Amino acid sequence: MSMDSRVPGHRGRRTFTFRSFPKNLTVVPGQPFATGFVMAAGALLAVGLAMVVVSMSSVLMSITLALFLALGMTPAVNALKGRGMPHGWSVLTVIAAFVLLMVGVAALVVPAIVRQFTEFLASIPQEIDAIQASSWYTELSESMGFSASEQLLAAFETYFTAENLLMLSGGVLHVGIGIVNGISSAFLVIVLTLYFVSTLDPMKKAVARLVPAYRREKFSETLNSIVFAVGRSVAGAVTLSAINASVVLVIFLLLGSQVAVLFALVAFLITLIPMIGSVLFLCIGTLGALLMSPTSALIFLVVYFIYVQLEAYQVTPRIMGKAVNVPGVLVIIAAMTGAALLGLFGALLAIPITASILIIVREIVIPKRDAQTEPPT
């Protein structure tokens, strides 16, 4: 930087020339008010977009769930295409099977679940009386030095007040609204799933067109690998949960339970969580069987624990195969992170998303790093 002579007519002012900067550098006078206004407007826009995303979270979750369900049907479509069936007929067959499955679940399982849940609530007082009349309960109360019945009665008198009943009625109203919203969301998910299944290939081609031509082939290969891995992951998780629910249904039917279908549904939903879902339902199912008798709880604990071991070492490797090669540590971390962020929904999507990230790292990031054999100039 050098200092020039005084400019005529401008006493006390000097001009400065920055010789180290390019000649085409333009120095714009500072406009603090305009700059601050633009920054504030950008911040408000960002906050507004965040509020829109939060308000649309349920819709976005439904769209994401429908997309993952559609990807879970791609292995079935590919299997039919491998047997010589045209693509259109393969998609139509899978869609028809999906619709029939949903209709069958709605017609057979839902009424049974509602009936058994009602019977389960009605039988709770009788089950509690039977437990209190049992010899092991009496011995436990005598050894502990207090009566659990008196403690329960005192808690009932303390918490079931008029104010709490009003709060409970408001909670029931929210539950009713939640059920209605859940039915509408389920219908939206089914419709979107059918649409995504029928238009998956055009969607992949449209996404690939957004990438420059010289990268399009590699991008398409990576995208197909991600679709394949996610599809196998979702289909495998649903298959494993269905097998798990069938085992639970058989165990509770053999034990003489009147709510076997309800426990099977709970097992199907809980075991969708990878690795830890079976362990969680081991506790839930044992507590449910304890309402029948301690012997039933012990039988369920032993039989279901044996199945969990068979599932971990025999069933899961055969169904999942090598399509979703995710280390066990990453599975646990992903499931815990997804559950902390989005609850059960996040835990369900943790493994497909983790598998997709690993595919990108293995096929794009690592080859690019391996190609850099010399330091940059």
# chains A, B, ... in the order shown; residues from 1 in each chain; ligands from 1
>>> select_by_dssp(residues="segment 188-304 of chain A", states="alpha helix (DSSP H)", output="PyMOL selection string")
chain A and resi 188-198+200-209+213-254+260-270+277-290+294-304
>>> residues_around(residues="Thr64 of chain A", least_positions_apart="3", cutoff="10 Å", atoms="only C-alpha atoms", output="list in words")
Ser58, Val59, Leu60, Met61, Leu67, Phe68, Leu69, Ala70, Val189, Leu192, Thr193, Phe345 and Leu349 of chain A
>>> write_last_selection(atoms="C-alpha atoms", output="mmCIF file, in the first residue's frame")
data_model
loop_
_atom_site.group_PDB
_atom_site.id
_atom_site.type_symbol
_atom_site.label_atom_id
_atom_site.label_comp_id
_atom_site.auth_asym_id
_atom_site.auth_seq_id
_atom_site.Cartn_x
_atom_site.Cartn_y
_atom_site.Cartn_z
ATOM 1 C CA SER A 58 -46.508 -35.425 10.030
ATOM 2 C CA VAL A 59 -46.967 -35.099 6.267
ATOM 3 C CA LEU A 60 -43.228 -35.396 5.646
ATOM 4 C CA MET A 61 -43.070 -38.473 7.869
ATOM 5 C CA LEU A 67 -41.220 -44.100 0.077
ATOM 6 C CA PHE A 68 -39.490 -46.654 2.284
ATOM 7 C CA LEU A 69 -42.425 -49.059 1.981
ATOM 8 C CA ALA A 70 -42.266 -48.686 -1.787
ATOM 9 C CA VAL A 189 -49.323 -43.665 3.295
ATOM 10 C CA LEU A 192 -48.436 -42.736 -1.728
ATOM 11 C CA THR A 193 -46.875 -46.184 -1.448
ATOM 12 C CA PHE A 345 -40.339 -43.879 13.391
ATOM 13 C CA LEU A 349 -35.594 -45.748 9.406
#
>>> residues_around(residues="Leu249 of chain A", least_positions_apart="3", cutoff="8 Å", atoms="only C-alpha atoms", output="tab-separated table (two decimals) with all heavy atoms, in the first residue's frame")
chain	number	residue	atom	x	y	z
A	245	ALA	N	-43.78	-62.09	15.16
A	245	ALA	CA	-45.17	-61.99	15.61
A	245	ALA	C	-45.87	-63.35	15.53
A	245	ALA	O	-46.70	-63.68	16.40
A	245	ALA	CB	-45.92	-60.96	14.77
A	246	SER	N	-45.56	-64.14	14.50
A	246	SER	CA	-46.17	-65.47	14.39
A	246	SER	C	-45.73	-66.37	15.54
A	246	SER	O	-46.55	-67.12	16.11
A	246	SER	CB	-45.78	-66.11	13.05
A	246	SER	OG	-46.20	-65.30	11.97
A	252	PHE	N	-48.52	-67.64	22.84
A	252	PHE	CA	-49.63	-67.19	23.69
A	252	PHE	C	-50.88	-68.04	23.48
A	252	PHE	O	-51.66	-68.23	24.41
A	252	PHE	CB	-49.93	-65.72	23.43
A	252	PHE	CG	-49.08	-64.78	24.24
A	252	PHE	CD1	-47.95	-64.20	23.71
A	252	PHE	CD2	-49.40	-64.50	25.56
A	252	PHE	CE1	-47.16	-63.33	24.46
A	252	PHE	CE2	-48.63	-63.64	26.32
A	252	PHE	CZ	-47.50	-63.07	25.78
A	253	LEU	N	-51.08	-68.54	22.25
A	253	LEU	CA	-52.21	-69.45	22.05
A	253	LEU	C	-52.02	-70.75	22.81
A	253	LEU	O	-52.97	-71.29	23.40
A	253	LEU	CB	-52.39	-69.72	20.55
A	253	LEU	CG	-52.97	-68.58	19.71
A	253	LEU	CD1	-53.02	-68.97	18.23
A	253	LEU	CD2	-54.36	-68.19	20.20
A	260	ALA	N	-53.97	-63.12	22.46
A	260	ALA	CA	-52.79	-63.53	21.71
A	260	ALA	C	-52.56	-62.66	20.49
A	260	ALA	O	-51.42	-62.29	20.17
A	260	ALA	CB	-52.92	-65.00	21.30
A	261	VAL	N	-53.64	-62.29	19.79
A	261	VAL	CA	-53.51	-61.45	18.60
A	261	VAL	C	-52.98	-60.06	18.97
A	261	VAL	O	-52.16	-59.48	18.25
A	261	VAL	CB	-54.85	-61.35	17.86
A	261	VAL	CG1	-54.74	-60.43	16.64
A	261	VAL	CG2	-55.33	-62.73	17.42
A	263	PHE	N	-51.00	-59.28	21.52
A	263	PHE	CA	-49.56	-59.39	21.80
A	263	PHE	C	-48.76	-59.62	20.53
A	263	PHE	O	-47.62	-59.16	20.41
A	263	PHE	CB	-49.31	-60.51	22.80
A	263	PHE	CG	-49.53	-60.11	24.23
A	263	PHE	CD1	-50.62	-60.59	24.93
A	263	PHE	CD2	-48.66	-59.25	24.87
A	263	PHE	CE1	-50.84	-60.22	26.24
A	263	PHE	CE2	-48.86	-58.87	26.19
A	263	PHE	CZ	-49.96	-59.36	26.88
A	264	ALA	N	-49.34	-60.33	19.57
A	264	ALA	CA	-48.65	-60.54	18.29
A	264	ALA	C	-48.47	-59.22	17.55
A	264	ALA	O	-47.42	-58.96	16.95
A	264	ALA	CB	-49.42	-61.54	17.43
